[in-house]
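*Asks:* Sharing structure32.txt, compact mmCIF, C-alpha atoms:
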# COMPACT_ATOMS: atom_id res chain seq x y z
CA MET A 1 18.97 -9.48 -24.21
CA THR A 2 15.69 -10.27 -22.44
CA SER A 3 12.71 -8.03 -23.13
CA ASP A 4 11.35 -8.51 -19.61
CA PRO A 5 11.51 -5.39 -17.42
CA PRO A 6 14.26 -5.36 -14.81
CA HIS A 7 13.46 -6.57 -11.32
CA TYR A 8 12.65 -4.15 -8.50
CA GLU A 9 16.14 -4.34 -7.01
CA THR A 10 17.72 -3.42 -10.34
CA GLN A 11 15.36 -0.53 -11.00
CA ALA A 12 15.97 0.82 -7.49
CA VAL A 13 19.68 1.35 -8.14
CA GLN A 14 19.65 2.15 -11.89
CA THR A 15 16.64 4.40 -12.58
CA GLY A 16 17.35 8.11 -12.92
CA ILE A 17 21.08 7.75 -13.62
CA PRO A 18 22.12 8.60 -17.21
CA ARG A 19 24.89 6.78 -19.07
CA GLY A 20 27.69 8.53 -20.89
CA LEU A 21 31.20 9.91 -20.72
CA GLY A 22 31.69 11.94 -17.56
CA GLN A 23 28.29 11.12 -16.08
CA THR A 24 28.16 10.43 -12.35
CA VAL A 25 27.30 6.94 -11.14
CA GLY A 26 24.62 8.29 -8.86
CA ILE A 27 22.25 11.25 -8.65
CA PRO A 28 23.98 14.63 -8.16
CA ILE A 29 22.60 17.42 -6.00
CA HIS A 30 21.51 20.49 -7.97
CA ALA A 31 21.41 23.41 -5.54
CA ALA A 32 19.68 26.06 -7.65
CA ALA A 33 16.64 28.27 -7.29
CA GLY A 34 16.15 29.04 -10.98
CA PHE A 35 17.18 27.84 -14.43
CA GLN A 36 18.26 29.79 -17.53
CA PHE A 37 16.52 30.44 -20.83
CA GLU A 38 18.14 31.66 -24.03
CA THR A 39 15.13 33.51 -25.45
CA LEU A 40 11.83 35.07 -24.44
CA GLU A 41 10.06 32.44 -26.51
CA GLN A 42 11.69 29.60 -24.58
CA ALA A 43 10.63 31.13 -21.27
CA GLN A 44 7.10 31.73 -22.48
CA SER A 45 6.73 28.17 -23.71
CA GLU A 46 8.04 26.68 -20.48
CA PHE A 47 5.74 28.76 -18.31
CA GLN A 48 2.80 27.60 -20.40
CA GLN A 49 3.74 23.93 -20.64
CA ASN A 50 5.73 23.31 -17.41
CA THR A 51 7.53 20.36 -18.98
CA GLY A 52 11.12 21.48 -18.40
CA LEU A 53 12.99 23.53 -15.82
CA SER A 54 12.21 27.09 -14.83
CA TYR A 55 11.99 27.63 -11.09
CA ALA A 56 12.96 25.14 -8.38
CA ARG A 57 9.62 25.36 -6.60
CA LEU A 58 8.20 23.48 -9.59
CA GLN A 59 11.07 21.22 -10.58
CA ASN A 60 14.72 20.47 -9.93
CA PRO A 61 16.96 17.90 -11.68
CA THR A 62 17.72 16.04 -8.43
CA VAL A 63 14.05 15.93 -7.48
CA ARG A 64 13.15 14.92 -11.03
CA ALA A 65 15.53 11.94 -10.89
CA LEU A 66 13.94 10.85 -7.62
CA GLU A 67 10.47 11.19 -9.15
CA GLU A 68 11.48 9.07 -12.12
CA ARG A 69 12.71 6.36 -9.76
CA LEU A 70 9.53 6.51 -7.67
CA SER A 71 7.31 6.23 -10.76
CA THR A 72 9.26 3.24 -11.99
CA LEU A 73 9.15 1.41 -8.67
CA GLU A 74 5.39 2.01 -8.28
CA GLY A 75 4.62 1.16 -11.91
CA GLY A 76 3.17 4.64 -12.36
CA ALA A 77 3.17 7.24 -15.12
CA ALA A 78 4.11 10.35 -13.14
CA THR A 79 5.14 11.39 -9.63
CA VAL A 80 5.44 14.64 -7.75
CA ALA A 81 7.79 14.58 -4.76
CA LEU A 82 7.02 16.98 -1.93
CA ALA A 83 8.33 18.10 1.44
CA SER A 84 6.56 15.51 3.62
CA GLY A 85 4.05 12.71 3.62
CA GLN A 86 1.43 15.09 5.00
CA ALA A 87 2.07 17.43 2.06
CA ALA A 88 1.58 14.49 -0.30
CA THR A 89 -1.72 13.52 1.35
CA LEU A 90 -3.07 17.08 1.18
CA THR A 91 -2.01 17.40 -2.46
CA ALA A 92 -3.65 14.12 -3.43
CA MET A 93 -6.92 15.09 -1.77
CA LEU A 94 -7.07 18.61 -3.15
CA SER A 95 -6.13 17.46 -6.64
CA VAL A 96 -9.63 15.99 -7.03
CA CYS A 97 -11.71 17.82 -4.40
CA ARG A 98 -12.95 21.37 -3.90
CA ALA A 99 -15.60 23.08 -1.78
CA GLY A 100 -18.81 21.11 -1.88
CA ASP A 101 -17.12 17.77 -2.54
CA HIS A 102 -16.91 14.69 -0.33
CA VAL A 103 -14.33 12.04 0.64
CA VAL A 104 -15.00 8.55 1.97
CA SER A 105 -12.12 7.10 3.95
CA SER A 106 -11.25 4.04 5.95
CA SER A 107 -11.29 4.87 9.66
CA SER A 108 -8.09 2.86 10.14
CA LEU A 109 -5.76 5.78 9.54
CA PHE A 110 -2.57 7.54 10.46
CA GLY A 111 -3.50 10.27 12.95
CA GLY A 112 -2.28 13.07 10.67
CA THR A 113 -4.53 11.90 7.84
CA ALA A 114 -7.51 11.67 10.18
CA GLY A 115 -6.71 15.22 11.27
CA LEU A 116 -6.78 16.46 7.68
CA LEU A 117 -10.10 14.78 7.02
CA ASN A 118 -11.75 15.86 10.26
CA ASN A 119 -10.22 19.28 10.88
CA ILE A 120 -8.70 20.81 7.74
CA LEU A 121 -10.82 19.75 4.77
CA PRO A 122 -14.05 20.98 6.43
CA LEU A 123 -12.46 24.45 6.59
CA MET A 124 -12.32 24.27 2.80
CA GLY A 125 -15.90 23.10 2.47
CA ILE A 126 -14.96 19.47 1.79
CA GLY A 127 -16.84 16.83 3.79
CA ALA A 128 -15.44 13.48 4.89
CA THR A 129 -17.00 10.26 6.14
CA LEU A 130 -14.84 7.69 7.92
CA VAL A 131 -16.09 4.11 7.79
CA PRO A 132 -14.82 0.57 8.50
CA ASN A 133 -12.22 -0.67 6.04
CA THR A 134 -14.51 -2.71 3.77
CA PRO A 135 -15.96 -2.13 0.29
CA GLU A 136 -19.46 -2.59 1.71
CA ALA A 137 -18.99 0.18 4.29
CA VAL A 138 -17.49 2.50 1.67
CA ARG A 139 -20.37 1.81 -0.72
CA GLY A 140 -22.85 2.74 1.98
CA ALA A 141 -21.16 6.11 2.55
CA MET A 142 -20.83 7.17 -1.10
CA GLN A 143 -22.65 10.35 -2.11
CA ASP A 144 -23.31 12.04 -5.42
CA ASN A 145 -20.50 14.49 -4.67
CA THR A 146 -17.94 11.89 -3.51
CA ARG A 147 -14.77 12.47 -5.51
CA LEU A 148 -12.28 10.34 -3.59
CA VAL A 149 -12.07 7.09 -1.63
CA TRP A 150 -9.06 6.90 0.69
CA ALA A 151 -7.41 3.96 2.44
CA GLU A 152 -4.01 2.72 3.60
CA ILE A 153 -2.47 -0.44 2.20
CA ILE A 154 -1.71 -1.50 5.78
CA GLY A 155 -3.71 0.51 8.31
CA ASN A 156 -1.81 2.60 10.86
CA PRO A 157 -1.57 1.15 13.42
CA ALA A 158 -4.27 -1.56 13.17
CA GLY A 159 -2.40 -3.54 10.50
CA ASP A 160 -5.56 -4.14 8.45
CA VAL A 161 -5.19 -4.79 4.72
CA PRO A 162 -8.00 -3.46 2.48
CA ASP A 163 -9.59 -5.21 -0.44
CA LEU A 164 -8.01 -2.96 -3.05
CA ARG A 165 -9.94 -4.30 -6.01
CA GLY A 166 -13.20 -4.10 -4.10
CA LEU A 167 -12.56 -0.49 -3.07
CA ALA A 168 -11.58 0.44 -6.62
CA ASP A 169 -14.81 -1.02 -8.02
CA VAL A 170 -16.92 0.92 -5.50
CA ALA A 171 -15.06 4.19 -6.09
CA HIS A 172 -15.18 3.95 -9.86
CA ALA A 173 -18.87 3.00 -9.92
CA GLY A 174 -19.54 6.26 -8.08
CA GLY A 175 -17.40 8.38 -10.37
CA ALA A 176 -14.68 8.77 -7.72
CA LEU A 177 -10.99 7.90 -7.67
CA LEU A 178 -9.28 5.52 -5.26
CA ALA A 179 -6.22 6.86 -3.43
CA ILE A 180 -4.02 4.56 -1.37
CA ASP A 181 -1.47 5.63 1.19
CA SER A 182 1.04 2.87 0.51
CA THR A 183 3.76 4.03 2.90
CA TRP A 184 3.95 0.72 4.76
CA ALA A 185 4.40 -1.19 1.48
CA GLY A 186 7.74 0.49 0.81
CA VAL A 187 7.39 2.29 -2.59
CA GLY A 188 6.07 -0.62 -4.60
CA PHE A 189 8.14 -3.35 -2.96
CA LEU A 190 5.40 -5.16 -1.01
CA CYS A 191 2.51 -3.93 -3.17
CA ARG A 192 1.79 -1.80 -6.23
CA PRO A 193 -1.74 -0.47 -5.64
CA LEU A 194 -2.01 0.85 -9.20
CA GLU A 195 -1.97 -2.77 -10.39
CA HIS A 196 -5.08 -3.47 -8.30
CA GLY A 197 -7.24 -0.59 -9.47
CA ALA A 198 -5.98 2.37 -7.42
CA ASP A 199 -5.70 5.71 -9.22
CA ILE A 200 -3.42 7.61 -6.81
CA VAL A 201 -0.65 6.30 -4.56
CA THR A 202 0.92 8.40 -1.81
CA HIS A 203 3.94 7.84 0.40
CA SER A 204 5.59 9.33 3.38
CA LEU A 205 9.10 8.91 1.99
CA THR A 206 10.34 9.79 5.46
CA LYS A 207 9.74 6.14 6.35
CA TRP A 208 11.17 3.17 4.41
CA ALA A 209 12.29 5.18 1.38
CA GLY A 210 14.66 7.24 3.52
CA GLY A 211 15.22 4.31 5.81
CA HIS A 212 17.40 5.91 8.47
CA GLY A 213 15.21 8.51 10.12
CA SER A 214 17.34 11.32 8.72
CA VAL A 215 15.18 13.02 6.08
CA MET A 216 11.58 13.97 5.37
CA GLY A 217 9.68 13.74 2.11
CA GLY A 218 6.45 12.64 0.46
CA SER A 219 5.22 11.65 -2.98
CA VAL A 220 2.09 11.27 -5.09
CA THR A 221 2.15 8.83 -8.02
CA VAL A 222 -0.55 8.32 -10.64
CA GLY A 223 -1.09 5.90 -13.49
CA THR A 224 -3.03 6.46 -16.73
CA ALA A 225 -6.20 4.41 -16.20
CA HIS A 226 -8.10 6.93 -14.05
CA ASP A 227 -11.38 8.41 -15.30
CA LEU A 228 -11.83 12.13 -14.60
CA SER A 229 -14.83 12.60 -16.88
CA ARG A 230 -17.26 12.89 -13.94
CA ASN A 231 -15.21 15.36 -11.93
CA PRO A 232 -16.22 19.01 -12.62
CA ILE A 233 -12.75 20.26 -11.62
CA TYR A 234 -11.45 18.65 -14.80
CA THR A 235 -14.42 18.99 -17.14
CA GLU A 236 -15.67 22.53 -16.56
CA GLY A 237 -14.66 25.04 -19.21
CA ALA A 238 -15.48 23.01 -22.32
CA GLU A 239 -12.52 23.33 -24.71
CA GLN A 240 -10.50 25.11 -22.03
CA SER A 241 -11.10 22.45 -19.40
CA ILE A 242 -8.10 20.88 -17.68
CA LEU A 243 -9.03 17.49 -19.09
CA ASN A 244 -9.27 18.81 -22.64
CA LEU A 245 -6.03 20.77 -22.42
CA ARG A 246 -3.95 18.20 -20.52
CA GLY A 247 -5.44 14.87 -21.55
CA GLU A 248 -4.07 11.87 -19.68
CA GLN A 249 -1.55 14.18 -17.97
CA ALA A 250 -4.32 16.21 -16.33
CA LEU A 251 -4.21 14.58 -12.90
CA ALA A 252 -0.42 14.62 -12.68
CA TRP A 253 -0.33 18.22 -13.88
CA ARG A 254 -2.83 19.41 -11.28
CA GLN A 255 -0.98 17.69 -8.45
CA ARG A 256 2.28 19.40 -9.32
CA TRP A 257 0.49 22.69 -9.87
CA PHE A 258 -1.29 22.41 -6.55
CA GLY A 259 1.32 20.92 -4.22
CA ALA A 260 4.48 22.48 -5.61
CA HIS A 261 3.55 25.52 -7.69
CA GLN A 262 0.66 26.93 -5.66
CA LEU A 263 1.28 25.71 -2.10
CA GLY A 264 5.07 25.58 -2.33
CA MET A 265 5.47 22.28 -0.43
CA THR A 266 8.74 21.77 -2.29
CA LEU A 267 11.18 18.97 -1.58
CA ALA A 268 14.75 20.24 -1.15
CA PRO A 269 17.33 18.76 -3.57
CA HIS A 270 19.52 17.46 -0.74
CA SER A 271 16.51 15.66 0.73
CA ALA A 272 15.74 14.20 -2.70
CA PHE A 273 19.32 12.95 -2.93
CA LEU A 274 19.07 11.21 0.46
CA LEU A 275 15.74 9.63 -0.45
CA ALA A 276 17.08 8.34 -3.75
CA GLN A 277 20.00 6.81 -1.86
CA GLY A 278 17.61 5.19 0.59
CA LEU A 279 15.56 3.61 -2.19
CA GLU A 280 18.61 1.70 -3.35
CA THR A 281 18.61 -0.47 -0.22
CA LEU A 282 14.87 -0.50 0.55
CA SER A 283 14.34 -4.06 -0.70
CA LEU A 284 17.16 -5.39 1.48
CA ARG A 285 15.95 -3.56 4.58
CA LEU A 286 12.25 -4.25 4.25
CA THR A 287 12.79 -7.94 3.48
CA ARG A 288 14.85 -8.33 6.66
CA GLN A 289 12.49 -6.17 8.72
CA SER A 290 9.40 -8.07 7.54
CA GLU A 291 11.02 -11.38 8.48
CA THR A 292 11.93 -10.05 11.92
CA ALA A 293 8.45 -8.58 12.42
CA LEU A 294 6.82 -11.92 11.64
CA SER A 295 9.16 -13.70 14.06
CA LEU A 296 8.48 -11.20 16.84
CA ALA A 297 4.73 -11.22 16.23
CA GLY A 298 4.60 -15.00 16.51
CA TRP A 299 6.64 -14.91 19.72
CA LEU A 300 4.56 -12.12 21.27
CA GLU A 301 1.31 -13.88 20.38
CA THR A 302 2.22 -16.71 22.77
CA HIS A 303 3.71 -14.52 25.51
CA PRO A 304 1.76 -14.70 28.80
CA ARG A 305 2.26 -11.01 29.63
CA VAL A 306 1.26 -9.68 26.22
CA GLY A 307 -2.31 -9.01 25.10
CA LYS A 308 -3.66 -8.69 21.59
CA VAL A 309 -1.05 -8.78 18.82
CA GLY A 310 -1.81 -7.17 15.45
CA TYR A 311 0.19 -8.19 12.40
CA PRO A 312 -1.26 -9.20 9.00
CA GLY A 313 1.45 -11.81 8.52
CA LEU A 314 0.03 -13.95 11.33
CA SER A 315 -2.38 -16.67 10.27
CA SER A 316 -4.60 -15.59 13.16
CA SER A 317 -4.99 -12.08 11.74
CA PRO A 318 -8.42 -11.33 10.24
CA TRP A 319 -6.57 -9.70 7.35
CA HIS A 320 -4.15 -12.55 6.69
CA ALA A 321 -5.93 -13.73 3.53
CA GLN A 322 -5.97 -10.21 2.02
CA ALA A 323 -2.34 -9.74 3.01
CA GLN A 324 -1.48 -12.85 1.04
CA GLN A 325 -3.55 -11.60 -1.89
CA TYR A 326 -2.14 -8.07 -2.11
CA LEU A 327 1.27 -8.18 -0.42
CA ARG A 328 4.32 -9.92 -1.81
CA GLY A 329 7.60 -10.66 -0.10
CA GLY A 330 6.36 -10.04 3.44
CA ALA A 331 3.63 -8.39 5.49
CA GLY A 332 5.52 -5.28 6.48
CA ALA A 333 7.72 -4.15 9.33
CA VAL A 334 5.15 -2.81 11.80
CA LEU A 335 3.16 -4.64 14.45
CA THR A 336 1.15 -3.77 17.53
CA PHE A 337 0.75 -5.49 20.86
CA GLU A 338 -0.95 -4.67 24.14
CA VAL A 339 0.67 -4.50 27.58
CA ASP A 340 -0.93 -3.84 30.95
CA ASN A 341 1.30 -0.88 31.85
CA PRO A 342 2.62 0.93 28.76
CA ALA A 343 4.45 3.60 30.79
CA ALA A 344 6.40 1.04 32.81
CA PHE A 345 7.15 -1.05 29.72
CA LEU A 346 8.45 1.86 27.70
CA GLY A 347 10.47 3.19 30.63
CA ARG A 348 12.42 -0.06 30.99
CA LEU A 349 13.51 -0.42 27.35
CA GLN A 350 17.25 -0.40 26.68
CA ILE A 351 17.54 -1.20 22.94
CA LEU A 352 14.17 -0.27 21.50
CA ARG A 353 13.72 3.49 21.29
CA ILE A 354 10.61 5.57 21.96
CA VAL A 355 10.29 7.56 18.72
CA PRO A 356 7.15 8.58 16.74
CA ASN A 357 8.52 7.47 13.38
CA LEU A 358 8.45 4.37 11.19
CA GLY A 359 10.78 2.69 8.73
CA ASP A 360 14.02 3.48 10.55
CA SER A 361 16.96 1.05 10.55
CA ARG A 362 16.49 1.00 14.34
CA THR A 363 13.48 -0.53 16.09
CA LEU A 364 11.13 2.19 17.29
CA VAL A 365 8.13 2.00 19.61
CA VAL A 366 5.44 4.48 20.56
CA HIS A 367 2.22 4.65 22.57
CA PRO A 368 -0.29 5.81 19.92
CA TRP A 369 -3.08 6.53 22.43
CA THR A 370 -1.13 9.46 23.88
CA THR A 371 1.05 10.47 20.90
CA THR A 372 0.31 9.88 17.20
CA HIS A 373 -3.45 9.52 17.78
CA GLY A 374 -3.62 11.42 21.07
CA ARG A 375 -5.47 14.46 19.75
CA LEU A 376 -8.22 12.46 18.10
CA PRO A 377 -11.57 11.82 19.82
CA GLU A 378 -11.67 8.52 21.67
CA PRO A 379 -14.12 6.87 19.21
CA THR A 380 -11.81 7.80 16.33
CA ARG A 381 -8.82 6.32 18.14
CA LEU A 382 -10.68 3.08 18.79
CA ALA A 383 -11.82 2.94 15.15
CA ALA A 384 -8.18 3.23 14.10
CA GLY A 385 -7.31 0.15 16.16
CA VAL A 386 -5.75 2.06 19.06
CA THR A 387 -6.42 1.33 22.73
CA SER A 388 -4.82 2.71 25.88
CA ARG A 389 -2.72 -0.49 26.09
CA THR A 390 -1.45 -0.51 22.49
CA ILE A 391 2.25 -0.37 21.67
CA ARG A 392 3.19 0.22 18.02
CA MET A 393 6.55 -1.18 16.98
CA SER A 394 8.43 -0.42 13.77
CA VAL A 395 10.99 -3.19 13.42
CA GLY A 396 14.55 -2.30 12.49
CA LEU A 397 17.66 -4.25 11.55
CA GLU A 398 18.82 -5.43 14.98
CA ALA A 399 19.23 -9.12 15.78
CA VAL A 400 15.94 -10.80 16.66
CA ALA A 401 17.39 -12.29 19.83
CA ASP A 402 18.42 -8.86 21.13
CA LEU A 403 14.98 -7.40 20.45
CA GLN A 404 13.30 -10.32 22.21
CA ALA A 405 15.58 -9.98 25.22
CA ASP A 406 14.87 -6.26 25.54
CA ILE A 407 11.12 -6.75 25.27
CA GLU A 408 11.25 -9.61 27.77
CA GLN A 409 13.04 -7.60 30.44
CA ALA A 410 10.83 -4.56 29.82
CA LEU A 411 7.71 -6.63 30.40
CA GLY A 412 8.93 -7.16 33.97
What does this structure look like when you write it as structure tokens?
*Replies:*
Amino acid sequence: MTSDPPHYETQAVQTGIPRGLGQTVGIPIHAAAGFQFETLEQAQSEFQQNTGLSYARLQNPTVRALEERLSTLEGGAATVALASGQAATLTAMLSVCRAGDHVVSSSSLFGGTAGLLNNILPLMGIGATLVPNTPEAVRGAMQDNTRLVWAEIIGNPAGDVPDLRGLADVAHAGGALLAIDSTWAGVGFLCRPLEHGADIVTHSLTKWAGGHGSVMGGSVTVGTAHDLSRNPIYTEGAEQSILNLRGEQALAWRQRWFGAHQLGMTLAPHSAFLLAQGLETLSLRLTRQSETALSLAGWLETHPRVGKVGYPGLSSSPWHAQAQQYLRGGAGAVLTFEVDNPAAFLGRLQILRIVPNLGDSRTLVVHPWTTTHGRLPEPTRLAAGVTSRTIRMSVGLEAVADLQADIEQALG
């Protein structure tokens, strides 16, 4: 038998399912709030180590199987699955930051992430600087107290692809970690940021992992190469420091302790089951959706009634070269285009649906200026690649010809 690791498609359907007489071929749902111990000593040990099962806010067998699958698909060492992508983002940020610390982030961001950086973290005494999505801009914003650099593998909704290795080098030189929201890359299918120097990878599992717009979830995955030796959260306390007590598990431990144990942003076992099911077909869906997105982007780019088209798979995209460097098997399922009258365009659609979600099996469109980014200041919206004419489209599994026909008639 070959010693090479199984391919992505194989891992997506096999990981987390034990073999043996009477075992289910699939991941069962464990609906339980707590788990039994036989002795006081067992309970004491578990509450000190948190390596097994005690209380479902911390861990559940169904959620654990999902986490194992997510870690495998991302090439990571450990994952914590949480109730939403926003919960995952907050957990990742607070796992390495506290009052007095600083985050540098790309300004090309999902509106919810921009809201956390601009509105929520300052309430906790954590500063944030949003800059253009380049290593040079990030380097210029680094401070002595910068603990985290944040970016998205494909910016929402601008479609920009960062220089992952460049960002990692800048972050690490400053004693910070690099966190990548890799939602648009489909849980390691289009890109594994950890292989390019990232330390933390987050996902809104609500999107391509679930795949059908029927469940919410989020995840934070870490590898083992991160350096926490310059972060006081992990080094203070000498022999009793988190880093000394937890070693290479310190970052993963703190994320579970923070997001699940302390804040209780727990993923329900039924949701974990649905997400694990969705992962089994992610490669099929995202391959098809990326092909359709590229076809539609090329068609829209030449359409006389369509303005600027944003899609990193187009050779005309300023991020095409980095998309080819960091993305494999496609440039994702989301594109943007500009129309003169967004309200009229959206009102005439018959197949495409106006929904503020991504990664569904159906094609979804939204007007970011008034919805997903609508509460942000105008300069922040523009920095994220949003204008008043922008339409964001998440491509589904419909026939290309039907999507083209619907867009054509809606353009008037």
*Asks:* Mind giving me the straight-line distance from atom CA of Gln322 of chain A to atom CA of Thr79 of chain A in Å, one decimal?
*Replies:*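 The value is 26.9 Å.
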*Asks:* Mind running segment 27-135 of chain A against segment 189-208 of chain A at 8 Å and telling me each contacting residue's nearest atom pair with the distance in Å (one decimal), counting only C-alpha atoms, chain and number ascending, as JSON lines?
*Replies:*
{"residue": "A:Leu73", "atom": "CA", "partner": "A:Phe189", "partner_atom": "CA", "distance": 7.5}
{"residue": "A:Glu74", "atom": "CA", "partner": "A:Arg192", "partner_atom": "CA", "distance": 5.6}
{"residue": "A:Gly75", "atom": "CA", "partner": "A:Arg192", "partner_atom": "CA", "distance": 7.0}
{"residue": "A:Gly76", "atom": "CA", "partner": "A:Leu194", "partner_atom": "CA", "distance": 7.2}
{"residue": "A:Ser84", "atom": "CA", "partner": "A:Ser204", "partner_atom": "CA", "distance": 6.3}
{"residue": "A:Gly85", "atom": "CA", "partner": "A:Ser204", "partner_atom": "CA", "distance": 3.7}
{"residue": "A:Gln86", "atom": "CA", "partner": "A:Ser204", "partner_atom": "CA", "distance": 7.3}
{"residue": "A:Ala88", "atom": "CA", "partner": "A:Thr202", "partner_atom": "CA", "distance": 6.3}
{"residue": "A:Thr89", "atom": "CA", "partner": "A:Thr202", "partner_atom": "CA", "distance": 6.6}
{"residue": "A:Ala92", "atom": "CA", "partner": "A:Ile200", "partner_atom": "CA", "distance": 7.3}
*Asks:* Ranking A:Arg230, A:Arg362, A:Arg381, A:Arg392 by minimum distance to Leu109 of chain A and counting all atoms listed in the file, which one comes first?
*Replies:*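 Looking at the shortest contact to Leu109 of chain A, the residue is A:Arg381.
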*Asks:* Dig up all the protein and nucleic acid residues within 10 Å of (3.3, -7.9, 30.1) in the file frame, using all atoms listed in the file, and format them as a short mmCIF file (atom, residue, chain, number, x, y, z; two decimals) with C-alpha atoms, in the frame of the given file.
*Replies:*
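Result file part_25.cif:
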data_model
loop_
_atom_site.label_atom_id
_atom_site.label_comp_id
_atom_site.auth_asym_id
_atom_site.auth_seq_id
_atom_site.Cartn_x
_atom_site.Cartn_y
_atom_site.Cartn_z
CA LEU A 300 4.56 -12.12 21.27
CA HIS A 303 3.71 -14.52 25.51
CA PRO A 304 1.76 -14.70 28.80
CA ARG A 305 2.26 -11.01 29.63
CA VAL A 306 1.26 -9.68 26.22
CA GLY A 307 -2.31 -9.01 25.10
CA PHE A 337 0.75 -5.49 20.86
CA GLU A 338 -0.95 -4.67 24.14
CA VAL A 339 0.67 -4.50 27.58
CA ASP A 340 -0.93 -3.84 30.95
CA ASN A 341 1.30 -0.88 31.85
CA PRO A 342 2.62 0.93 28.76
CA ALA A 344 6.40 1.04 32.81
CA PHE A 345 7.15 -1.05 29.72
CA ILE A 407 11.12 -6.75 25.27
CA GLU A 408 11.25 -9.61 27.77
CA GLN A 409 13.04 -7.60 30.44
CA ALA A 410 10.83 -4.56 29.82
CA LEU A 411 7.71 -6.63 30.40
CA GLY A 412 8.93 -7.16 33.97
#
*Asks:* With a distance cut-off of 10 Å and only C-alpha atoms, select the neighbouring residues of Val63 of chain A, excluding the residue or stretch itself and same-chain residues fewer than 5 positions from it, and output the selection as a count of residues only.
*Replies:* 20
*Asks:* Generate the coordinates of N, CA, C and O atoms for segment 396-408 of chain A; report them as a compact mmCIF listing (two decimals), in the frame of the given file.
*Replies:*
# COMPACT_ATOMS: atom_id res chain seq x y z
N GLY A 396 13.34 -2.71 13.19
CA GLY A 396 14.55 -2.30 12.49
C GLY A 396 15.41 -3.47 12.07
O GLY A 396 14.91 -4.56 11.76
N LEU A 397 16.71 -3.26 12.08
CA LEU A 397 17.66 -4.25 11.55
C LEU A 397 18.46 -4.96 12.64
O LEU A 397 19.39 -5.70 12.33
N GLU A 398 18.09 -4.77 13.90
CA GLU A 398 18.82 -5.43 14.98
C GLU A 398 18.59 -6.95 14.94
O GLU A 398 17.66 -7.45 14.29
N ALA A 399 19.40 -7.67 15.66
CA ALA A 399 19.23 -9.12 15.78
C ALA A 399 17.94 -9.43 16.53
O ALA A 399 17.60 -8.78 17.52
N VAL A 400 17.21 -10.44 16.05
CA VAL A 400 15.94 -10.80 16.66
C VAL A 400 16.12 -11.13 18.13
O VAL A 400 15.31 -10.73 18.98
N ALA A 401 17.17 -11.87 18.44
CA ALA A 401 17.39 -12.29 19.83
C ALA A 401 17.56 -11.09 20.75
O ALA A 401 17.08 -11.10 21.90
N ASP A 402 18.22 -10.05 20.30
CA ASP A 402 18.42 -8.86 21.13
C ASP A 402 17.10 -8.12 21.35
O ASP A 402 16.84 -7.61 22.44
N LEU A 403 16.29 -8.06 20.32
CA LEU A 403 14.98 -7.40 20.45
C LEU A 403 14.09 -8.18 21.41
O LEU A 403 13.42 -7.58 22.29
N GLN A 404 14.09 -9.49 21.31
CA GLN A 404 13.30 -10.32 22.21
C GLN A 404 13.75 -10.13 23.66
O GLN A 404 12.92 -10.00 24.57
N ALA A 405 15.05 -10.13 23.86
CA ALA A 405 15.58 -9.98 25.22
C ALA A 405 15.19 -8.65 25.82
O ALA A 405 14.85 -8.56 27.01
N ASP A 406 15.23 -7.59 25.02
CA ASP A 406 14.87 -6.26 25.54
C ASP A 406 13.39 -6.19 25.87
O ASP A 406 12.99 -5.63 26.91
N ILE A 407 12.56 -6.74 25.00
CA ILE A 407 11.12 -6.75 25.27
C ILE A 407 10.82 -7.58 26.51
O ILE A 407 10.02 -7.18 27.37
N GLU A 408 11.48 -8.72 26.63
CA GLU A 408 11.25 -9.61 27.77
C GLU A 408 11.55 -8.91 29.09
O GLU A 408 10.73 -8.94 30.02
